[in-house]
$ cat target-v7.pdb   # PDB, C-alpha atoms and all ligand atoms
ATOM      1  CA  MET N   1     230.879 153.126 142.464
ATOM      2  CA  ARG N   2     231.342 149.458 143.321
ATOM      3  CA  ILE N   3     228.149 147.437 143.040
ATOM      4  CA  PRO N   4     227.081 146.468 146.570
ATOM      5  CA  ARG N   5     227.084 142.753 147.401
ATOM      6  CA  PHE N   6     224.747 141.080 149.846
ATOM      7  CA  TYR N   7     224.574 137.634 151.346
ATOM      8  CA  VAL N   8     221.078 136.139 151.347
ATOM      9  CA  PRO N   9     221.035 132.593 152.671
ATOM     10  CA  GLN N  10     218.194 131.214 150.585
ATOM     11  CA  PRO N  11     217.571 129.835 147.099
ATOM     12  CA  LEU N  12     217.863 132.457 144.357
ATOM     13  CA  VAL N  13     216.326 132.014 140.916
ATOM     14  CA  VAL N  14     217.135 134.032 137.813
ATOM     15  CA  GLY N  15     214.074 135.823 136.455
ATOM     16  CA  GLN N  16     212.324 135.909 139.801
ATOM     17  CA  GLU N  17     211.485 138.886 141.920
ATOM     18  CA  PHE N  18     212.544 138.530 145.490
ATOM     19  CA  THR N  19     211.782 140.458 148.695
ATOM     20  CA  LEU N  20     214.958 141.365 150.563
ATOM     21  CA  PRO N  21     215.277 139.925 154.060
ATOM     22  CA  ASP N  22     214.978 142.591 156.805
ATOM     23  CA  THR N  23     218.682 142.909 157.537
ATOM     24  CA  THR N  24     219.537 143.226 153.850
ATOM     25  CA  PHE N  25     216.728 145.735 153.391
ATOM     26  CA  ARG N  26     218.110 147.878 156.205
ATOM     27  CA  HIS N  27     221.605 147.764 154.809
ATOM     28  CA  ALA N  28     220.638 148.280 151.159
ATOM     29  CA  VAL N  29     217.911 150.881 151.548
ATOM     30  CA  GLN N  30     218.385 152.590 154.886
ATOM     31  CA  VAL N  31     222.175 152.660 154.899
ATOM     32  CA  LEU N  32     223.243 152.620 151.243
ATOM     33  CA  ARG N  33     220.056 154.331 150.014
ATOM     34  CA  LEU N  34     219.715 152.096 146.968
ATOM     35  CA  ASN N  35     216.793 153.045 144.794
ATOM     36  CA  VAL N  36     214.692 151.420 142.092
ATOM     37  CA  GLY N  37     216.800 150.529 139.068
ATOM     38  CA  GLU N  38     220.098 150.367 140.924
ATOM     39  CA  PRO N  39     222.220 147.251 140.526
ATOM     40  CA  LEU N  40     223.285 144.925 143.305
ATOM     41  CA  ILE N  41     224.887 141.524 143.609
ATOM     42  CA  LEU N  42     223.454 138.728 145.712
ATOM     43  CA  PHE N  43     225.085 135.468 146.764
ATOM     44  CA  ASN N  44     223.746 132.680 148.923
ATOM     45  CA  GLY N  45     226.915 130.842 149.805
ATOM     46  CA  GLU N  46     226.135 127.969 147.444
ATOM     47  CA  GLY N  47     228.730 129.241 144.976
ATOM     48  CA  GLY N  48     228.587 131.894 142.275
ATOM     49  CA  GLU N  49     226.715 135.155 142.497
ATOM     50  CA  TYR N  50     223.592 136.768 141.062
ATOM     51  CA  SER N  51     223.225 140.142 139.409
ATOM     52  CA  ALA N  52     220.044 141.925 140.416
ATOM     53  CA  GLN N  53     218.297 145.263 140.220
ATOM     54  CA  MET N  54     216.192 147.040 142.830
ATOM     55  CA  SER N  55     212.656 146.668 141.487
ATOM     56  CA  ASN N  56     210.539 148.102 144.266
ATOM     57  CA  VAL N  57     211.403 150.184 147.303
ATOM     58  CA  SER N  58     209.018 151.221 150.033
ATOM     59  CA  LYS N  59     209.418 152.444 153.600
ATOM     60  CA  ARG N  60     209.460 148.980 155.109
ATOM     61  CA  SER N  61     210.553 146.603 152.396
ATOM     62  CA  ALA N  62     212.171 146.301 149.033
ATOM     63  CA  SER N  63     212.272 143.761 146.284
ATOM     64  CA  VAL N  64     214.803 143.010 143.645
ATOM     65  CA  MET N  65     214.666 141.331 140.258
ATOM     66  CA  ILE N  66     217.287 138.631 139.836
ATOM     67  CA  GLU N  67     218.679 139.070 136.363
ATOM     68  CA  GLY N  68     221.573 136.706 135.933
ATOM     69  CA  PHE N  69     223.896 134.181 137.485
ATOM     70  CA  SER N  70     227.658 134.182 137.241
ATOM     71  CA  PRO N  71     229.543 131.059 138.351
ATOM     72  CA  VAL N  72     232.453 133.074 139.796
ATOM     73  CA  ASP N  73     234.582 131.201 142.256
ATOM     74  CA  THR N  74     236.813 133.166 144.581
ATOM     75  CA  GLU N  75     237.442 130.285 146.981
ATOM     76  CA  SER N  76     240.905 129.021 147.778
ATOM     77  CA  PRO N  77     241.834 125.504 146.644
ATOM     78  CA  ILE N  78     242.885 124.619 150.200
ATOM     79  CA  HIS N  79     240.585 124.132 153.117
ATOM     80  CA  LEU N  80     241.816 126.210 156.035
ATOM     81  CA  THR N  81     240.529 126.319 159.585
ATOM     82  CA  LEU N  82     241.567 129.093 161.941
ATOM     83  CA  VAL N  83     241.552 127.786 165.491
ATOM     84  CA  GLN N  84     241.761 131.113 167.258
ATOM     85  CA  ALA N  85     241.937 131.480 171.023
ATOM     86  CA  VAL N  86     239.288 134.006 171.993
ATOM     87  CA  ILE N  87     240.895 137.443 172.408
ATOM     88  CA  LYS N  88     239.470 140.870 173.320
ATOM     89  CA  PRO N  89     236.317 141.576 171.283
ATOM     90  CA  ASP N  90     237.701 144.234 168.934
ATOM     91  CA  LYS N  91     240.819 142.150 168.236
ATOM     92  CA  MET N  92     238.755 139.015 167.730
ATOM     93  CA  ASP N  93     236.579 140.847 165.215
ATOM     94  CA  PHE N  94     239.695 142.054 163.416
ATOM     95  CA  ALA N  95     241.176 138.550 163.352
ATOM     96  CA  LEU N  96     237.943 137.057 161.991
ATOM     97  CA  GLN N  97     237.511 139.758 159.372
ATOM     98  CA  LYS N  98     241.065 139.320 158.087
ATOM     99  CA  ALA N  99     240.783 135.534 158.197
ATOM    100  CA  VAL N 100     237.720 135.679 155.957
ATOM    101  CA  GLU N 101     239.455 138.043 153.537
ATOM    102  CA  LEU N 102     242.369 135.616 153.475
ATOM    103  CA  GLY N 103     240.084 132.737 152.583
ATOM    104  CA  VAL N 104     239.549 130.599 155.690
ATOM    105  CA  ASN N 105     236.683 128.129 155.523
ATOM    106  CA  THR N 106     236.124 127.455 159.187
ATOM    107  CA  ILE N 107     236.687 129.421 162.356
ATOM    108  CA  GLN N 108     236.997 127.516 165.593
ATOM    109  CA  PRO N 109     237.128 129.817 168.636
ATOM    110  CA  LEU N 110     239.204 128.258 171.381
ATOM    111  CA  ILE N 111     239.308 128.650 175.150
ATOM    112  CA  THR N 112     242.783 128.210 176.605
ATOM    113  CA  GLN N 113     244.399 128.513 180.030
ATOM    114  CA  ARG N 114     245.405 132.127 179.510
ATOM    115  CA  SER N 115     242.211 133.259 177.799
ATOM    116  CA  VAL N 116     241.288 136.541 179.448
ATOM    117  CA  VAL N 117     237.952 136.704 177.765
ATOM    118  CA  ARG N 118     235.534 134.219 179.297
ATOM    119  CA  ILE N 119     232.303 133.307 177.583
ATOM    120  CA  GLY N 120     229.494 132.211 179.887
ATOM    121  CA  LYS N 121     227.075 129.542 178.608
ATOM    122  CA  GLU N 122     224.331 132.134 178.262
ATOM    123  CA  GLN N 123     226.579 134.374 176.121
ATOM    124  CA  VAL N 124     227.572 131.761 173.559
ATOM    125  CA  ASP N 125     224.649 132.336 171.188
ATOM    126  CA  LYS N 126     225.074 136.090 171.277
ATOM    127  CA  LYS N 127     228.807 135.810 170.638
ATOM    128  CA  LEU N 128     228.285 133.400 167.751
ATOM    129  CA  GLN N 129     225.707 135.692 166.204
ATOM    130  CA  HIS N 130     228.082 138.607 166.480
ATOM    131  CA  TRP N 131     231.003 136.677 164.942
ATOM    132  CA  GLU N 132     228.760 135.412 162.147
ATOM    133  CA  GLY N 133     227.836 139.034 161.427
ATOM    134  CA  VAL N 134     231.522 139.916 161.124
ATOM    135  CA  VAL N 135     232.067 136.949 158.805
ATOM    136  CA  VAL N 136     229.089 137.825 156.589
ATOM    137  CA  ALA N 137     230.215 141.449 156.235
ATOM    138  CA  ALA N 138     233.735 140.342 155.333
ATOM    139  CA  CYS N 139     232.393 137.894 152.722
ATOM    140  CA  GLU N 140     230.211 140.578 151.199
ATOM    141  CA  GLN N 141     233.116 142.973 151.011
ATOM    142  CA  SER N 142     235.783 140.572 149.807
ATOM    143  CA  GLY N 143     233.794 138.824 147.102
ATOM    144  CA  ARG N 144     233.753 135.410 148.772
ATOM    145  CA  THR N 145     231.189 133.037 147.320
ATOM    146  CA  ARG N 146     231.054 130.537 150.189
ATOM    147  CA  MET N 147     230.303 131.409 153.781
ATOM    148  CA  PRO N 148     232.867 130.292 156.352
ATOM    149  CA  VAL N 149     231.416 128.477 159.333
ATOM    150  CA  VAL N 150     231.939 129.745 162.885
ATOM    151  CA  GLN N 151     231.949 126.856 165.349
ATOM    152  CA  VAL N 152     230.888 126.933 168.981
ATOM    153  CA  PRO N 153     233.907 127.832 171.203
ATOM    154  CA  LEU N 154     235.728 124.786 172.543
ATOM    155  CA  ALA N 155     238.290 124.241 175.271
ATOM    156  CA  LEU N 156     241.690 123.228 173.883
ATOM    157  CA  GLU N 157     241.467 119.732 175.422
ATOM    158  CA  ARG N 158     238.091 119.149 173.758
ATOM    159  CA  TRP N 159     239.405 120.350 170.421
ATOM    160  CA  LEU N 160     242.404 118.024 170.662
ATOM    161  CA  GLU N 161     240.034 115.100 171.185
ATOM    162  CA  MET N 162     238.334 115.734 167.854
ATOM    163  CA  PRO N 163     239.690 113.578 165.036
ATOM    164  CA  ALA N 164     242.177 115.367 162.767
ATOM    165  CA  THR N 165     241.799 114.664 159.071
ATOM    166  CA  GLY N 166     244.634 116.782 157.675
ATOM    167  CA  THR N 167     247.399 118.812 159.277
ATOM    168  CA  ARG N 168     247.259 120.607 162.586
ATOM    169  CA  LEU N 169     249.694 123.440 163.213
ATOM    170  CA  ILE N 170     250.249 125.393 166.414
ATOM    171  CA  LEU N 171     251.845 128.814 166.205
ATOM    172  CA  ALA N 172     254.181 129.296 169.104
ATOM    173  CA  PRO N 173     257.159 131.605 169.457
ATOM    174  CA  GLY N 174     260.378 129.676 169.903
ATOM    175  CA  ASP N 175     262.815 127.472 168.139
ATOM    176  CA  PHE N 176     260.355 125.810 165.823
ATOM    177  CA  PRO N 177     260.406 125.402 162.022
ATOM    178  CA  ARG N 178     258.968 128.191 159.885
ATOM    179  CA  ILE N 179     255.986 127.793 157.580
ATOM    180  CA  ASN N 180     258.257 127.661 154.515
ATOM    181  CA  ALA N 181     259.970 124.588 155.967
ATOM    182  CA  LEU N 182     256.736 122.575 155.957
ATOM    183  CA  PRO N 183     256.488 119.886 153.249
ATOM    184  CA  LEU N 184     254.881 121.038 150.022
ATOM    185  CA  ASP N 185     252.554 118.045 150.033
ATOM    186  CA  LEU N 186     251.087 118.868 153.424
ATOM    187  CA  PRO N 187     247.858 116.911 153.967
ATOM    188  CA  VAL N 188     244.797 119.168 153.879
ATOM    189  CA  PRO N 189     242.647 120.487 155.499
ATOM    190  CA  ILE N 190     245.037 122.660 157.460
ATOM    191  CA  GLU N 191     244.022 123.671 160.961
ATOM    192  CA  LEU N 192     245.981 126.542 162.460
ATOM    193  CA  LEU N 193     246.054 127.228 166.194
ATOM    194  CA  ILE N 194     246.781 130.720 167.511
ATOM    195  CA  GLY N 195     247.041 131.585 171.182
ATOM    196  CA  PRO N 196     245.432 134.387 173.179
ATOM    197  CA  GLU N 197     247.085 137.683 174.198
ATOM    198  CA  GLY N 198     249.143 135.900 176.856
ATOM    199  CA  GLY N 199     250.098 133.026 174.563
ATOM    200  CA  PHE N 200     249.783 129.289 175.129
ATOM    201  CA  THR N 201     251.332 127.874 178.285
ATOM    202  CA  ASP N 202     254.348 125.584 177.800
ATOM    203  CA  GLU N 203     252.126 122.799 179.028
ATOM    204  CA  GLU N 204     249.550 123.499 176.313
ATOM    205  CA  VAL N 205     252.214 123.562 173.602
ATOM    206  CA  ALA N 206     253.598 120.247 174.907
ATOM    207  CA  GLN N 207     250.093 118.773 175.058
ATOM    208  CA  CYS N 208     249.457 119.792 171.439
ATOM    209  CA  ILE N 209     252.761 118.373 170.224
ATOM    210  CA  GLN N 210     252.005 115.139 172.043
ATOM    211  CA  ALA N 211     248.638 115.023 170.269
ATOM    212  CA  GLY N 212     250.335 115.289 166.878
ATOM    213  CA  VAL N 213     250.036 119.036 166.285
ATOM    214  CA  THR N 214     253.087 120.462 164.468
ATOM    215  CA  PRO N 215     254.614 123.537 166.130
ATOM    216  CA  VAL N 216     255.613 126.391 163.824
ATOM    217  CA  SER N 217     257.213 129.746 164.489
ATOM    218  CA  LEU N 218     256.752 133.082 162.769
ATOM    219  CA  GLY N 219     260.269 134.223 163.524
ATOM    220  CA  PRO N 220     262.044 136.075 166.308
ATOM    221  CA  ARG N 221     259.515 138.823 166.982
ATOM    222  CA  ILE N 222     256.439 138.326 169.146
ATOM    223  CA  LEU N 223     253.391 139.285 167.155
ATOM    224  CA  ARG N 224     250.052 140.152 168.651
ATOM    225  CA  ALA N 225     247.575 137.324 168.292
ATOM    226  CA  GLU N 226     245.645 139.102 165.543
ATOM    227  CA  THR N 227     248.850 139.926 163.635
ATOM    228  CA  ALA N 228     250.042 136.340 163.987
ATOM    229  CA  SER N 229     246.868 134.886 162.501
ATOM    230  CA  LEU N 230     246.865 137.331 159.609
ATOM    231  CA  ALA N 231     250.545 136.692 158.829
ATOM    232  CA  ALA N 232     250.276 132.915 159.117
ATOM    233  CA  LEU N 233     247.138 132.690 156.973
ATOM    234  CA  ALA N 234     248.753 134.809 154.262
ATOM    235  CA  LEU N 235     251.860 132.589 154.328
ATOM    236  CA  LEU N 236     249.775 129.407 154.150
ATOM    237  CA  GLN N 237     247.698 130.738 151.249
ATOM    238  CA  HIS N 238     250.920 131.724 149.527
ATOM    239  CA  ARG N 239     252.523 128.318 149.983
ATOM    240  CA  TYR N 240     249.496 126.072 149.452
ATOM    241  CA  GLY N 241     246.618 128.199 148.245
ATOM    242  CA  ASP N 242     246.001 131.077 145.886
ATOM    243  CA  ILE N 243     247.900 134.143 147.089
TER     244      ILE N 243
HETATM  245  N1  LIG X   1     253.428 136.534 175.510
HETATM  246  C1  LIG X   1     253.114 135.498 174.616
HETATM  247  C2  LIG X   1     252.840 136.064 173.243
HETATM  248  C3  LIG X   1     251.528 135.730 172.751
HETATM  249  S1  LIG X   1     251.257 136.299 171.176
HETATM  250  C4  LIG X   1     254.245 134.504 174.490
HETATM  251  O1  LIG X   1     255.393 134.885 174.689
HETATM  252  O2  LIG X   1     253.972 133.335 174.177
HETATM  253  C5  LIG X   1     249.753 135.517 170.820
HETATM  254  C6  LIG X   1     249.859 134.306 169.923
HETATM  255  O3  LIG X   1     250.348 134.699 168.651
HETATM  256  C7  LIG X   1     250.791 133.216 170.384
HETATM  257  O4  LIG X   1     250.191 132.327 171.293
HETATM  258  C8  LIG X   1     251.143 132.526 169.091
HETATM  259  O5  LIG X   1     250.117 131.614 168.714
HETATM  260  C9  LIG X   1     251.171 133.668 168.108
HETATM  261  N2  LIG X   1     252.506 134.236 167.896
HETATM  262  C10 LIG X   1     252.926 135.481 168.141
HETATM  263  N3  LIG X   1     254.208 135.659 167.761
HETATM  264  C11 LIG X   1     254.606 134.496 167.248
HETATM  265  C12 LIG X   1     255.829 134.028 166.676
HETATM  266  N4  LIG X   1     256.880 134.812 166.554
HETATM  267  N5  LIG X   1     255.873 132.747 166.246
HETATM  268  C13 LIG X   1     254.805 131.929 166.371
HETATM  269  N6  LIG X   1     253.626 132.309 166.913
HETATM  270  C14 LIG X   1     253.529 133.571 167.331
END
$ encode --input "target-v7.pdb" --output "structure tokens"
Amino acid sequence: MRIPRFYVPQPLVVGQEFTLPDTTFRHAVQVLRLNVGEPLILFNGEGGEYSAQMSNVSKRSASVMIEGFSPVDTESPIHLTLVQAVIKPDKMDFALQKAVELGVNTIQPLITQRSVVRIGKEQVDKKLQHWEGVVVAACEQSGRTRMPVVQVPLALERWLEMPATGTRLILAPGDFPRINALPLDLPVPIELLIGPEGGFTDEEVAQCIQAGVTPVSLGPRILRAETASLAALALLQHRYGDI
């Protein structure tokens, strides 16, 4: 069986015993039923991962002994931001999960003219917490050693006002160049914009182009938003990263 991996956002020291945080305890003991002596892997997002063994398990808590550190690095050499228009919750979760597996570093949820899903001010924290949970689970599963950041949702206009340090791409169906036509020395970080279920309006695409965002197409078929992000991230990692 694969050794389970858990994210624990705190300092970890080899040779020290460590009480699992509540959420990790629930997952490790109540869900996976790990028992004393069983191995697990911990990572804290600072790079590398730690081998550990369950050292004490009780009804309400468990501790582990941290036995070793391995400086594994599964991170892509390019910094990628997915700027994803908020889509229906299950599709958004899918898009975020796949984006993490495909190595994105930052997720910027976006509110656009055709966004069907609206997030009230009072829901932002709850939404962020939920998305962060999806990201953590995907990191644990995929062997990532750094935790991607989920930003607070922003309206497209606000996002365009933020200074760009690398390359901004907008995915829009139409007569635009394909990803393999982009220069090989594309300035990084790469920020990739994907529209909601109903797409970007022509006005939004024009506004982005005006602001220096490069339009790219994924070919003649219209992909669902979550398919488009998955396909584009894989192509970008293939061309510039480590796939
Ligand atoms: N009805 C919409 C489709 C939206 S698909 C329209 O015709 O515009 C959702 C998002 O996925 C789009 O906003 C775009 O960012 C991306 N997308 C889907 N298919 C694409 C393609 N063939 N090329 C580029 N982007 C695409």
$ closest_atom_pairs --input "target-v7.pdb" --of "chain N" --to "ligand LIG 1 (chain X)" --cutoff "6 Å" --atoms "all atoms listed in the file" --output "CSV"
residue,atom,partner,partner_atom,distance
N:Leu171,CA,X:LIG1,N6,4.0
N:Ala172,CA,X:LIG1,N6,3.8
N:Pro173,CA,X:LIG1,N5,3.6
N:Ile194,CA,X:LIG1,O5,3.7
N:Gly195,CA,X:LIG1,O4,3.2
N:Pro196,CA,X:LIG1,C5,5.1
N:Glu197,CA,X:LIG1,C5,4.8
N:Gly198,CA,X:LIG1,N1,4.5
N:Gly199,CA,X:LIG1,O4,3.3
N:Phe200,CA,X:LIG1,O4,4.9
N:Ser217,CA,X:LIG1,N5,3.7
N:Leu218,CA,X:LIG1,N5,3.6
N:Gly219,CA,X:LIG1,N4,4.6
N:Pro220,CA,X:LIG1,N4,5.3
N:Arg221,CA,X:LIG1,N4,4.8
N:Ile222,CA,X:LIG1,N3,3.7
N:Leu223,CA,X:LIG1,N3,3.8
N:Arg224,CA,X:LIG1,S1,4.8
N:Ala225,CA,X:LIG1,C5,3.8
N:Ala228,CA,X:LIG1,O3,5.0
$ residues_around --input "target-v7.pdb" --residues "segment 143-159 of chain N" --least-positions-apart "6" --cutoff "7 Å" --atoms "only C-alpha atoms" --output "list in words"
Phe43, Gly45, Glu46, Gly47, Gly48, Glu49, Asp73, Thr74, Glu75, Val104, Asn105, Thr106, Ile107, Gln108, Pro109, Leu110, Ile111, Thr112 and Glu132 of chain N
$ atom_distance --input "target-v7.pdb" --atom1 "atom CA of Pro9 of chain N" --atom2 "atom CA of Ile41 of chain N"
13.3 Å
$ residues_near_point --input "target-v7.pdb" --point "(234.8, 142.6, 163.6)" --cutoff "10 Å" --atoms "all atoms listed in the file" --output "list in words"
Pro89, Asp90, Lys91, Met92, Asp93, Phe94, Ala95, Leu96, Gln97, Lys98, His130, Trp131, Glu132, Gly133, Val134, Val135, Ala137 and Ala138 of chain N
$ residues_near_point --input "target-v7.pdb" --point "(247.9, 119.9, 162.3)" --cutoff "8 Å" --atoms "all atoms listed in the file" --output "PyMOL selection string"
chain N and resi 164+166-170+190-192+212-214
$ residues_around --input "target-v7.pdb" --residues "Leu20 of chain N" --least-positions-apart "3" --cutoff "6 Å" --atoms "only C-alpha atoms" --output "ChimeraX atom specification"
/N:24-25,62-63
$ residues_around --input "target-v7.pdb" --residues "segment 67-70 of chain N" --least-positions-apart "5" --cutoff "9 Å" --atoms "all atoms listed in the file" --output "PyMOL selection string"
chain N and resi 13-16+48-53
$ closest_residue --input "target-v7.pdb" --among "N:Glu161, N:Leu230, N:Thr19, N:Pro4" --to "Cys208 of chain N" --atoms "only C-alpha atoms"
N:Glu161
$ resolve_selection --input "target-v7.pdb" --expression "the PyMOL selection byres (((chain N and resi 117) around 8) and not hetatm)" --output "ChimeraX atom specification"
/N:86-88,115-116,118-119
$ atom_distance --input "target-v7.pdb" --atom1 "atom CA of Ala232 of chain N" --atom2 "atom CA of Pro163 of chain N"
22.8 Å
$ closest_residue --input "target-v7.pdb" --among "N:Val216, N:Leu80, N:Ile66, N:Leu102" --to "Ile179 of chain N" --atoms "only C-alpha atoms"
N:Val216
$ axis_aligned_box --input "target-v7.pdb" --around "segment 83-99 of chain N" --padding-each-side "5 Å" --output "JSON"
{"center_x": 239.1, "center_y": 136.0, "center_z": 165.7, "size_x": 15.6, "size_y": 26.4, "size_z": 25.2}
$ closest_residue --input "target-v7.pdb" --among "N:Asn44, N:Ser76, N:Gln129, N:Thr227" --to "Ile243 of chain N" --atoms "all atoms listed in the file"
N:Ser76
$ residues_around --input "target-v7.pdb" --residues "Ala28 of chain N" --least-positions-apart "5" --cutoff "10 Å" --atoms "all atoms listed in the file" --output "NGL selection string"
:N and (4-6 or 20 or 22-23 or 33-35 or 40 or 54 or 62)
$ write_last_selection --input "target-v7.pdb" --atoms "C-alpha atoms" --output "compact mmCIF listing (two decimals), keeping the file's coordinate frame"
# COMPACT_ATOMS: atom_id res chain seq x y z
CA PRO N 4 227.08 146.47 146.57
CA ARG N 5 227.08 142.75 147.40
CA PHE N 6 224.75 141.08 149.85
CA LEU N 20 214.96 141.36 150.56
CA ASP N 22 214.98 142.59 156.80
CA THR N 23 218.68 142.91 157.54
CA ARG N 33 220.06 154.33 150.01
CA LEU N 34 219.72 152.10 146.97
CA ASN N 35 216.79 153.04 144.79
CA LEU N 40 223.28 144.93 143.30
CA MET N 54 216.19 147.04 142.83
CA ALA N 62 212.17 146.30 149.03
